[in-house]
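Q: Data: final05.cif, mmCIF, C-alpha atoms and all ligand atoms.
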```
data_work
loop_
_atom_site.label_atom_id
_atom_site.label_comp_id
_atom_site.auth_asym_id
_atom_site.auth_seq_id
_atom_site.Cartn_x
_atom_site.Cartn_y
_atom_site.Cartn_z
CA MET S 237 11.67 6.42 7.66
CA ARG S 238 12.26 7.31 4.03
CA CYS S 239 15.96 7.42 3.47
CA GLN S 240 18.50 7.41 0.71
CA VAL S 241 19.87 3.96 0.08
CA SER S 242 23.07 3.04 -1.62
CA LEU S 243 23.03 1.30 -4.98
CA SER S 244 24.40 -1.90 -3.55
CA ILE S 245 21.49 -2.18 -1.08
CA LEU S 246 19.07 -1.71 -3.97
CA GLY S 247 20.75 -4.58 -5.75
CA LEU S 248 21.98 -2.13 -8.35
CA PRO S 249 25.54 -2.55 -9.53
CA THR S 250 28.32 -0.77 -7.74
CA ILE S 251 31.09 0.67 -9.92
CA GLY S 252 33.13 -2.54 -9.83
CA ASP S 253 30.09 -4.65 -10.79
CA ARG S 254 29.18 -2.42 -13.70
CA ARG S 255 32.41 -3.09 -15.54
CA ARG S 256 31.85 -6.80 -15.15
CA VAL S 257 28.26 -6.87 -16.44
CA TYR S 258 28.96 -4.36 -19.15
CA ALA S 259 31.11 -6.97 -20.83
CA ALA S 260 28.42 -9.60 -20.48
CA THR S 261 25.82 -8.09 -22.85
CA SER S 262 24.93 -9.97 -26.03
CA THR S 263 21.84 -11.31 -27.83
CA VAL S 264 18.19 -11.76 -26.84
CA ASP S 265 17.26 -15.01 -25.20
CA PRO S 266 13.87 -16.13 -23.84
CA ARG S 267 15.65 -18.00 -21.06
CA GLY S 268 16.52 -14.57 -19.78
CA ASP S 269 20.27 -15.17 -19.85
CA SER S 270 21.13 -12.31 -22.14
CA LEU S 271 19.62 -9.44 -24.03
CA VAL S 272 20.54 -7.35 -27.05
CA ASP S 273 22.09 -4.01 -26.17
CA PHE S 274 21.47 -4.25 -22.47
CA ASP S 275 23.24 -1.29 -20.95
CA ARG S 276 23.39 -1.88 -17.24
CA ASN S 277 24.41 1.70 -16.46
CA HIS S 278 21.46 3.13 -18.35
CA ASP S 279 19.10 0.59 -16.78
CA ALA S 280 20.37 1.40 -13.29
CA ARG S 281 20.00 5.11 -13.94
CA VAL S 282 16.33 4.80 -15.01
CA ARG S 283 15.54 2.39 -12.15
CA THR S 284 17.12 4.69 -9.58
CA ALA S 285 15.25 7.70 -11.03
CA ALA S 286 11.98 5.73 -10.81
CA PHE S 287 12.67 4.75 -7.18
CA ASP S 288 13.54 8.34 -6.26
CA TRP S 289 10.41 9.64 -7.94
CA LEU S 290 8.24 7.07 -6.13
CA ALA S 291 9.84 8.06 -2.82
CA ARG S 292 8.86 11.68 -3.44
CA LEU S 293 5.37 10.66 -4.55
CA THR S 294 4.76 8.52 -1.44
CA SER S 295 5.98 11.33 0.80
CA LEU S 296 3.17 13.44 -0.68
CA HIS S 297 0.39 10.88 -1.10
CA GLY S 298 1.28 8.11 1.37
CA ASP S 299 2.04 4.52 0.38
CA VAL S 300 -1.14 3.99 -1.64
CA LEU S 301 -0.87 5.73 -5.00
CA PRO S 302 -3.44 6.62 -7.66
CA ARG S 303 -3.03 4.75 -10.92
CA ASP S 304 -3.35 7.79 -13.18
CA ARG S 305 -0.34 9.37 -11.48
CA LEU S 306 1.68 6.18 -11.99
CA ALA S 307 0.63 5.92 -15.63
CA GLN S 308 1.64 9.54 -16.14
CA GLY S 309 5.06 8.82 -14.62
CA PHE S 310 8.04 11.14 -14.40
CA GLU S 311 10.41 12.88 -16.80
CA LEU S 312 13.93 11.78 -17.57
CA ASP S 313 16.04 13.25 -20.38
CA GLN S 314 12.93 15.07 -21.63
CA ARG S 315 11.08 11.79 -22.00
CA ARG S 316 8.07 10.73 -20.02
CA VAL S 317 8.60 7.49 -18.11
CA PRO S 318 5.36 5.85 -16.96
CA VAL S 319 5.82 3.22 -14.26
CA VAL S 320 2.70 1.12 -14.95
CA GLY S 321 1.06 0.03 -18.19
CA PRO S 322 -1.99 -1.88 -19.37
CA GLN S 323 -0.34 -5.24 -18.61
CA GLY S 324 0.88 -6.53 -15.25
CA ILE S 325 4.53 -6.74 -16.31
CA PHE S 326 5.62 -3.30 -17.43
CA LYS S 327 8.68 -1.99 -19.25
CA PRO S 328 8.85 1.71 -20.17
CA ALA S 329 9.92 2.45 -23.76
CA LEU S 330 13.39 3.66 -22.77
CA MET S 331 14.25 0.44 -20.90
CA GLU S 332 15.07 -3.07 -22.12
CA VAL S 333 13.92 -4.96 -19.03
CA PRO S 334 10.68 -4.67 -17.00
CA LEU S 335 10.59 -2.02 -14.28
CA SER S 336 7.40 -3.00 -12.47
CA ILE S 337 4.87 -5.73 -11.84
CA THR S 338 1.28 -5.03 -10.86
CA THR S 339 -1.60 -7.01 -9.42
CA ALA S 340 -5.09 -5.61 -9.79
CA PRO S 341 -7.55 -6.03 -6.93
CA LYS S 342 -9.45 -9.22 -7.87
CA GLY S 343 -7.52 -9.17 -11.14
CA PRO S 344 -7.47 -11.99 -13.68
CA TYR S 345 -4.24 -13.34 -12.23
CA ASP S 346 -4.30 -15.61 -9.26
CA ASP S 347 -1.36 -13.98 -7.49
CA ALA S 348 -0.79 -14.76 -3.85
CA ILE S 349 1.83 -14.92 -1.18
CA GLY S 350 2.54 -18.59 -0.51
CA PRO S 351 3.53 -20.39 2.70
CA ASP S 352 7.18 -19.73 1.75
CA ASN S 353 6.37 -16.00 2.07
CA LEU S 354 7.11 -15.38 -1.59
CA LEU S 355 4.65 -13.78 -3.97
CA ARG S 356 3.58 -16.06 -6.83
CA TYR S 357 3.37 -13.86 -9.90
CA ARG S 358 1.75 -15.47 -12.90
CA TYR S 359 3.38 -15.40 -16.31
CA ARG S 360 1.82 -13.23 -18.91
CA GLY S 361 -0.22 -15.73 -20.91
CA MET S 362 0.86 -19.35 -21.32
CA ASP S 363 4.08 -18.87 -23.26
CA PRO S 364 7.13 -18.92 -20.97
CA SER S 365 9.17 -17.19 -23.67
CA HIS S 366 6.75 -14.29 -24.20
CA ARG S 367 8.92 -11.15 -24.09
CA ASP S 368 7.41 -9.99 -20.76
CA ASN S 369 8.16 -13.34 -19.13
CA ALA S 370 11.65 -13.41 -20.67
CA GLY S 371 12.15 -9.91 -19.32
CA LEU S 372 11.32 -10.91 -15.75
CA ARG S 373 13.60 -13.92 -16.10
CA PHE S 374 16.38 -11.61 -17.23
CA ALA S 375 15.71 -9.39 -14.20
CA MET S 376 16.02 -12.50 -12.02
CA ASN S 377 19.28 -13.68 -13.55
CA ASN S 378 20.78 -10.21 -13.33
CA GLU S 379 19.33 -9.37 -9.90
CA LEU S 380 17.62 -6.24 -11.19
CA PRO S 381 15.31 -4.69 -8.59
CA LEU S 382 11.67 -4.04 -9.51
CA VAL S 383 8.69 -2.16 -8.15
CA TYR S 384 5.62 -4.14 -7.11
CA PHE S 385 2.26 -2.37 -7.27
CA HIS S 386 -0.32 -4.20 -5.21
CA GLY S 387 -3.88 -3.22 -6.16
CA ILE S 388 -5.89 -2.51 -3.03
CA VAL S 389 -9.06 -1.01 -4.45
CA PRO S 390 -9.71 -0.14 -8.12
CA SER S 391 -7.16 2.44 -9.36
CA ARG S 392 -5.17 2.58 -6.10
CA TYR S 393 -1.95 0.69 -5.54
CA LEU S 394 0.37 0.10 -2.67
CA ALA S 395 3.91 0.57 -4.02
CA MET S 396 6.74 -1.67 -2.77
CA TRP S 397 10.36 -1.49 -3.87
CA PRO S 398 12.92 -2.86 -4.38
CA VAL S 399 11.53 -6.37 -4.87
CA HIS S 400 13.39 -9.23 -6.56
CA VAL S 401 12.44 -12.12 -8.81
CA VAL S 402 13.99 -15.10 -7.00
CA GLY S 403 12.44 -18.09 -8.74
CA ASP S 404 10.99 -19.23 -12.04
CA GLU S 405 8.44 -22.07 -12.09
CA PRO S 406 7.54 -22.90 -15.68
CA GLU S 407 5.44 -25.89 -14.50
CA SER S 408 3.07 -23.51 -12.69
CA LEU S 409 3.62 -20.64 -15.15
CA ALA S 410 4.73 -18.34 -12.35
CA PHE S 411 7.66 -16.44 -10.94
CA SER S 412 8.33 -16.13 -7.25
CA ILE S 413 9.04 -12.68 -5.95
CA ALA S 414 10.73 -11.76 -2.66
CA LEU S 415 9.11 -8.71 -1.13
CA ASP S 416 11.02 -8.66 2.14
CA ASP S 417 13.73 -6.30 0.88
CA ALA S 418 11.08 -3.74 -0.06
CA ILE S 419 12.22 -1.18 2.46
CA HIS S 420 10.01 1.39 0.75
CA SER S 421 6.72 -0.39 1.21
CA GLY S 422 5.52 1.27 4.38
CA LEU S 423 4.50 -2.27 5.33
CA PHE S 424 7.58 -3.51 7.09
CA PRO S 425 8.90 -2.79 10.55
CA ASP S 426 11.30 0.15 10.61
CA ASN S 427 13.81 -1.77 12.65
CA PRO S 428 13.30 -5.57 12.69
CA GLU S 429 16.51 -6.09 14.69
CA ALA S 430 15.13 -4.13 17.62
CA LEU S 431 12.22 -6.56 17.79
CA GLY S 432 14.44 -9.61 17.84
CA ALA S 433 14.08 -10.78 14.23
CA ASP S 434 16.96 -12.52 12.53
CA THR S 435 17.62 -9.92 9.87
CA VAL S 436 20.09 -11.72 7.66
CA LYS S 437 19.03 -10.66 4.17
CA GLY S 438 16.98 -13.35 2.47
CA GLY S 439 17.01 -15.49 5.63
CA GLU S 440 13.93 -17.63 6.29
CA ILE S 441 13.28 -16.29 9.77
CA ARG S 442 13.60 -12.71 8.67
CA ARG S 443 11.33 -13.28 5.70
CA GLU S 444 8.67 -14.99 7.80
CA TYR S 445 8.83 -12.24 10.39
CA VAL S 446 8.61 -9.28 8.04
CA MET S 447 5.96 -10.91 5.87
CA SER S 448 3.61 -11.64 8.77
CA PHE S 449 4.09 -8.03 9.85
CA ALA S 450 3.44 -6.92 6.26
CA ARG S 451 0.24 -8.97 5.98
CA ARG S 452 -1.23 -7.22 9.00
CA ARG S 453 -0.31 -3.81 7.66
CA LEU S 454 -1.64 -4.73 4.24
CA HIS S 455 -5.02 -5.58 5.81
CA GLN S 456 -4.99 -2.23 7.61
CA ARG S 457 -4.22 -0.39 4.37
CA ALA S 458 -6.99 -2.25 2.56
CA PHE S 459 -9.47 -1.42 5.35
CA ARG S 460 -8.50 2.26 5.20
CA GLU S 461 -8.85 2.43 1.41
CA ARG S 462 -12.25 0.73 1.40
CA VAL S 463 -13.65 2.88 4.20
CA LEU S 464 -12.37 6.15 2.73
CA ARG S 465 -13.75 5.24 -0.66
CA ALA S 466 -17.16 4.35 0.84
CA TYR S 467 -17.30 7.78 2.53
CA ARG S 468 -16.14 9.52 -0.67
CA HIS S 469 -12.92 10.64 1.06
CA GLN S 470 -14.54 12.89 3.63
CA CYS S 471 -14.96 12.96 7.40
CA ALA S 472 -18.37 11.48 8.27
CA LEU S 473 -18.82 14.16 10.95
CA CYS S 474 -17.43 17.42 9.51
CA ARG S 475 -17.03 16.58 5.78
CA LEU S 476 -13.34 17.55 5.70
CA ARG S 477 -12.10 16.27 2.34
CA HIS S 478 -8.34 15.92 2.75
CA SER S 479 -7.36 12.24 2.68
CA GLU S 480 -4.04 13.08 4.33
CA LEU S 481 -5.98 14.09 7.45
CA LEU S 482 -8.47 11.21 7.36
CA ASP S 483 -8.45 7.89 9.19
CA ALA S 484 -10.56 4.79 8.84
CA ALA S 485 -11.77 4.41 12.42
CA HIS S 486 -13.12 1.14 13.78
CA ILE S 487 -16.54 1.55 15.38
CA LEU S 488 -15.85 -1.49 17.58
CA PRO S 489 -12.09 -1.79 18.26
CA ASP S 490 -10.25 -4.27 16.02
CA ALA S 491 -8.84 -6.07 19.07
CA GLU S 492 -12.38 -7.32 19.87
CA PRO S 493 -14.05 -10.30 18.20
CA GLU S 494 -16.80 -8.12 16.67
CA GLY S 495 -14.28 -5.48 15.60
CA GLU S 496 -13.84 -6.90 12.13
CA PRO S 497 -11.96 -4.86 9.53
CA VAL S 498 -15.06 -4.62 7.31
CA VAL S 499 -16.49 -1.38 5.96
CA ARG S 500 -19.70 -1.76 8.02
CA ASN S 501 -17.54 -1.61 11.18
CA GLY S 502 -15.67 1.42 9.86
CA ILE S 503 -16.22 5.14 9.64
CA ALA S 504 -14.08 7.76 7.91
CA LEU S 505 -13.07 10.44 10.41
CA CYS S 506 -10.62 13.32 10.41
CA ARG S 507 -7.87 13.15 13.03
CA LEU S 508 -9.72 15.42 15.48
CA HIS S 509 -12.99 13.54 15.21
CA HIS S 510 -11.27 10.16 15.33
CA ALA S 511 -9.70 11.09 18.68
CA ALA S 512 -12.99 12.61 19.93
CA PHE S 513 -14.87 9.43 18.87
CA ASP S 514 -12.31 7.08 20.46
CA ARG S 515 -12.38 9.07 23.73
CA PHE S 516 -16.19 9.19 23.83
CA PHE S 517 -16.46 12.99 23.52
CA LEU S 518 -19.23 12.16 21.12
CA ALA S 519 -21.01 9.16 19.63
CA VAL S 520 -23.01 8.18 16.59
CA ARG S 521 -26.39 6.81 17.68
CA PRO S 522 -27.85 3.76 15.92
CA ASP S 523 -30.09 6.18 13.97
CA ARG S 524 -26.82 7.75 12.68
CA ILE S 525 -27.31 11.05 14.55
CA ILE S 526 -24.32 12.59 16.34
CA GLU S 527 -24.60 13.00 20.10
CA VAL S 528 -22.08 15.10 22.03
CA ARG S 529 -21.50 14.15 25.68
CA ALA S 530 -23.51 16.41 28.05
CA ASP S 531 -20.53 17.76 30.02
CA VAL S 532 -18.70 18.60 26.77
CA LEU S 533 -21.81 20.37 25.46
CA GLU S 534 -21.88 22.58 28.55
CA GLU S 535 -18.22 23.51 28.42
CA VAL S 536 -17.33 27.05 27.40
CA ASP S 537 -14.28 27.42 25.16
CA GLY S 538 -13.03 28.84 21.86
CA PRO S 539 -14.15 28.26 18.26
CA THR S 540 -12.70 24.75 17.86
CA LEU S 541 -14.82 23.34 20.67
CA ARG S 542 -17.86 25.38 19.61
CA HIS S 543 -17.84 24.64 15.90
CA ALA S 544 -15.94 21.38 15.52
CA ILE S 545 -17.43 19.51 18.51
CA GLN S 546 -20.53 21.14 20.05
CA GLY S 547 -21.82 22.25 16.65
CA LEU S 548 -22.19 18.60 15.56
CA HIS S 549 -24.74 17.70 18.23
CA GLY S 550 -27.99 16.45 16.74
CA LYS S 551 -26.67 16.42 13.15
CA PRO S 552 -26.76 13.34 10.91
CA ILE S 553 -23.46 11.80 9.79
CA VAL S 554 -22.39 11.56 6.14
CA LEU S 555 -23.32 8.05 4.97
CA PRO S 556 -21.83 5.86 2.25
CA THR S 557 -24.08 5.79 -0.80
CA ARG S 558 -24.17 2.00 -0.89
CA VAL S 559 -26.41 0.61 1.85
CA VAL S 560 -24.12 -2.42 2.34
CA GLU S 561 -21.28 -0.05 3.25
CA GLN S 562 -23.24 2.02 5.77
CA PRO S 563 -22.36 1.46 9.44
CA ALA S 564 -24.28 -1.49 10.84
CA ARG S 565 -26.93 -0.41 13.34
CA GLU S 566 -26.12 -3.23 15.78
CA VAL S 567 -22.45 -2.21 15.76
CA LEU S 568 -23.39 1.45 16.38
CA ALA S 569 -25.75 0.33 19.16
CA GLN S 570 -22.97 -1.57 20.95
CA ARG S 571 -20.66 1.39 20.66
CA TYR S 572 -23.38 3.82 21.83
CA GLU S 573 -24.00 1.73 24.97
CA ARG S 574 -20.37 2.21 25.95
CA PHE S 575 -20.66 5.93 25.29
CA LEU S 576 -23.67 6.12 27.64
CA GLU S 577 -21.70 4.29 30.36
CA VAL S 578 -18.83 6.79 30.03
CA ALA S 579 -21.27 9.75 29.95
CA LEU S 580 -23.06 8.52 33.09
CA ALA S 581 -19.80 8.11 34.96
CA ARG S 582 -18.90 11.78 34.49
ZN ZN S 601 -13.98 15.77 11.04
#
```
Is it possible to give me this structure as structure tokens?
Ligand SMILES: [Zn+2]
A:
Amino acid sequence: MRCQVSLSILGLPTIGDRRRVYAATSTVDPRGDSLVDFDRNHDARVRTAAFDWLARLTSLHGDVLPRDRLAQGFELDQRRVPVVGPQGIFKPALMEVPLSITTAPKGPYDDAIGPDNLLRYRYRGMDPSHRDNAGLRFAMNNELPLVYFHGIVPSRYLAMWPVHVVGDEPESLAFSIALDDAIHSGLFPDNPEALGADTVKGGEIRREYVMSFARRRLHQRAFRERVLRAYRHQCALCRLRHSELLDAAHILPDAEPEGEPVVRNGIALCRLHHAAFDRFFLAVRPDRIIEVRADVLEEVDGPTLRHAIQGLHGKPIVLPTRVVEQPAREVLAQRYERFLEVALAR
């Protein structure tokens, strides 16, 4: 679904707009109305380069990105442009206005998506005219698109862009941020129209629809990150260590009341073993030993069946180091009962 988007969709100026805003640059102002030497063309060029780079990065790593890669950034005009910094509001050295905002998982800031489906993003500190806060205000007044990095687990962030600052609330020391234009989040439906949502940009119905969709996906992403981290990014059955090929499988399906998206109901599995687990080709007993279904064990076939399925029979699974993250025995027992029913029926 990654696609090239035009500048006007990104909220970046089209050629006609640029001439207009070019003339409107003047002196710095904490109200965010104006800024010394703000060159909208240059700003748009860096922003677009950052968005393009993030699109390439997510096509390699998925939507959840490692912090060190973001801090390293990309190169433009032989200069390194990091896209995150030590503070939540970040402006690279070659820009005048912030490029990104970040929330850490359980960070010091009480950031949350409110009932109006906007993200409340706390000011930096208590001073509304601090340069970071003035910078976000300037981005709001000039409709400059930003990247939002949502911390899911330590050092890993879900990237969403473009997002827009749409409100400033000095009384609560916060900005409100609209995320529903973030077509590059991996969180939103590919085609809201097809599902009957009113897709008028910025419309209440559209925002409510895409944000409820996004919340569900966000929970799924968080579950995946926590489970993969607990299993040290390897398949619990075969130890394959490529995150791109790993899933966080639910031991009890998430549609069921007991199927909570908690690590103790999860297990990291490669694609093959996820499918084999879901289809009861094998099970993990409550003592965490792998059992392959009898009829599958007897089958004669090539090396994949022999090594990747039959070869697991009787072996222990890889366990998370932390006991609280290991699969709950009662959850495994419930799942194993179903496996026995399926095995008996064959
Ligand atoms: Zn595997």
Q: At most 6 Å is the cut-off: for each residue in chain S with any atom that close to an atom of ligand ZN 601 (chain S), write down the nearest atom pair and the distance in Å rounded to one decimal, counting all atoms listed in the file, chain first then increasing number, as a Markdown table.
A:
```
| residue | atom | partner | partner_atom | distance |
| --- | --- | --- | --- | --- |
| S:Cys471 | CA | S:ZN601 | ZN | 4.7 |
| S:Leu473 | CA | S:ZN601 | ZN | 5.1 |
| S:Cys474 | CA | S:ZN601 | ZN | 4.1 |
| S:Leu476 | CA | S:ZN601 | ZN | 5.7 |
| S:Leu505 | CA | S:ZN601 | ZN | 5.4 |
| S:Cys506 | CA | S:ZN601 | ZN | 4.2 |
| S:His509 | CA | S:ZN601 | ZN | 4.8 |
```
Q: Counting all atoms listed in the file, which residues come within 12 Å of (4.9, -10.4, 8.2), with the point read in the file's coordinates, and could you list them as JSON, numbers by chain?
A: {"S": [349, 351, 352, 353, 354, 415, 416, 423, 424, 425, 428, 433, 440, 441, 442, 443, 444, 445, 446, 447, 448, 449, 450, 451, 452, 453, 454, 455]}
Q: Export C-alpha atoms of the chosen residues as a compact mmCIF listing (two decimals), keeping the file's coordinate frame?
A:
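Listed below is the output, again-v6.txt:
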```
# COMPACT_ATOMS: atom_id res chain seq x y z
CA ILE S 349 1.83 -14.92 -1.18
CA PRO S 351 3.53 -20.39 2.70
CA ASP S 352 7.18 -19.73 1.75
CA ASN S 353 6.37 -16.00 2.07
CA LEU S 354 7.11 -15.38 -1.59
CA LEU S 415 9.11 -8.71 -1.13
CA ASP S 416 11.02 -8.66 2.14
CA LEU S 423 4.50 -2.27 5.33
CA PHE S 424 7.58 -3.51 7.09
CA PRO S 425 8.90 -2.79 10.55
CA PRO S 428 13.30 -5.57 12.69
CA ALA S 433 14.08 -10.78 14.23
CA GLU S 440 13.93 -17.63 6.29
CA ILE S 441 13.28 -16.29 9.77
CA ARG S 442 13.60 -12.71 8.67
CA ARG S 443 11.33 -13.28 5.70
CA GLU S 444 8.67 -14.99 7.80
CA TYR S 445 8.83 -12.24 10.39
CA VAL S 446 8.61 -9.28 8.04
CA MET S 447 5.96 -10.91 5.87
CA SER S 448 3.61 -11.64 8.77
CA PHE S 449 4.09 -8.03 9.85
CA ALA S 450 3.44 -6.92 6.26
CA ARG S 451 0.24 -8.97 5.98
CA ARG S 452 -1.23 -7.22 9.00
CA ARG S 453 -0.31 -3.81 7.66
CA LEU S 454 -1.64 -4.73 4.24
CA HIS S 455 -5.02 -5.58 5.81
```
Q: Which residue out of S:Asp299, S:Ala472, S:Ala511, S:Arg373 has the minimum interatomic distance to S:Pro552 when all atoms listed in the file are used?
A: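 For S:Pro552, the nearest of the candidates is S:Ala472.
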Q: For S:Asp523, which residue among S:Asp490, S:Asp275, S:Glu566, S:Asp483 is the nearest when counting all atoms listed in the file?
A: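 Closest candidate: S:Glu566.
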Q: Could you please determine the separation between atom CA of S:Arg477 and atom CA of S:Val532 in Å, to one decimal place?
A: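 The value is 25.4 Å.
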Q: Taking 2 positions as the minimum chain separation for residues in the same chain, which residues sit within 10 Å of S:Val499 when counting all atoms listed in the file? Answer as a list in words.
A: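 The neighbour list is Phe459, Arg460, Glu461, Arg462, Val463, Leu464, Arg465, Ala466, Tyr467, Ala484, Ala485, His486, Ile487, Glu496, Pro497, Asn501, Gly502, Ile503, Ala504, Pro556, Val560, Glu561, Gln562, Pro563 and Ala564 of chain S.
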Q: By how many Å are atom CA of S:Arg457 and atom CA of S:Pro318 apart?
A: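 Here the two named atoms are 24.2 Å from each other.
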Q: With distances taken over all atoms listed in the file, which of S:Val320, S:Ala414, S:Val383, S:Ile388 is nearest to S:Leu355?
A: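 Residue with the minimum atom-to-atom distance to S:Leu355: S:Ala414.
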Q: Neighbours of S:Arg521 within 10 Å (all atoms listed in the file; same-chain residues fewer than 4 positions away dropped), as a list in words?
A: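 Using all atoms listed in the file, the neighbours found are Ile525, Ile526, Glu527, Gly550, Pro552, Ile553, Arg565, Leu568, Ala569, Gln570, Arg571, Tyr572, Glu573 and Phe575 of chain S.
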Q: Set the distance at 7 Å and use all atoms listed in the file: which residues neighbour stretch 540-547 of chain S once local chain neighbours fewer than 3 positions away are removed? I'd like the list as a list in words.
A: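 Those residues are Val528, Leu533 and Asp537 of chain S.
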Q: Ranking S:Tyr357, S:Phe385, S:Trp289, S:Phe516 by minimum distance to S:Val578 and counting only C-alpha atoms, which one comes first?
A: S:Phe516
Q: Contacts of S:Arg392 at 7 Å or less, counting all atoms listed in the file, minus same-chain residues fewer than 6 places along, as a PyMOL selection string?
A: chain S and resi 300-303
Q: Between S:Val399, S:Ile325, S:Leu394, S:Leu306, which is the closest to S:Gly371 once you count all atoms listed in the file?
A: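 The closest residue to S:Gly371 is S:Ile325.
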Q: If we count only C-alpha atoms, what is near S:Ala329 at a cut-off of 10 Å, once residues fewer than 4 positions away on the same chain are taken out, given as a list of chain:residue names?
A: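 Contacts, in chain order: S:Arg315, S:Arg316, S:Val317, S:Pro318, S:Val333, S:Pro334.
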Q: So how far away is atom CA of S:Asp279 from atom CA of S:Met362, in Å?
A: 27.4 Å
Q: Given the choices S:Leu508, S:Glu577, S:Pro539, S:Arg468, which gets closest to S:Arg558 if the distance is worked out from all atoms listed in the file?
A: S:Arg468
Q: Using 5 Å of padding on each side, determine the axis-aligned box around all atoms of stretch 368-378 of chain S present in the file and give its centre and edge lengths in Å to one decimal, as JSON.
A:
```
{"center_x": 14.1, "center_y": -11.7, "center_z": -16.4, "size_x": 23.4, "size_y": 14.5, "size_z": 18.7}
```
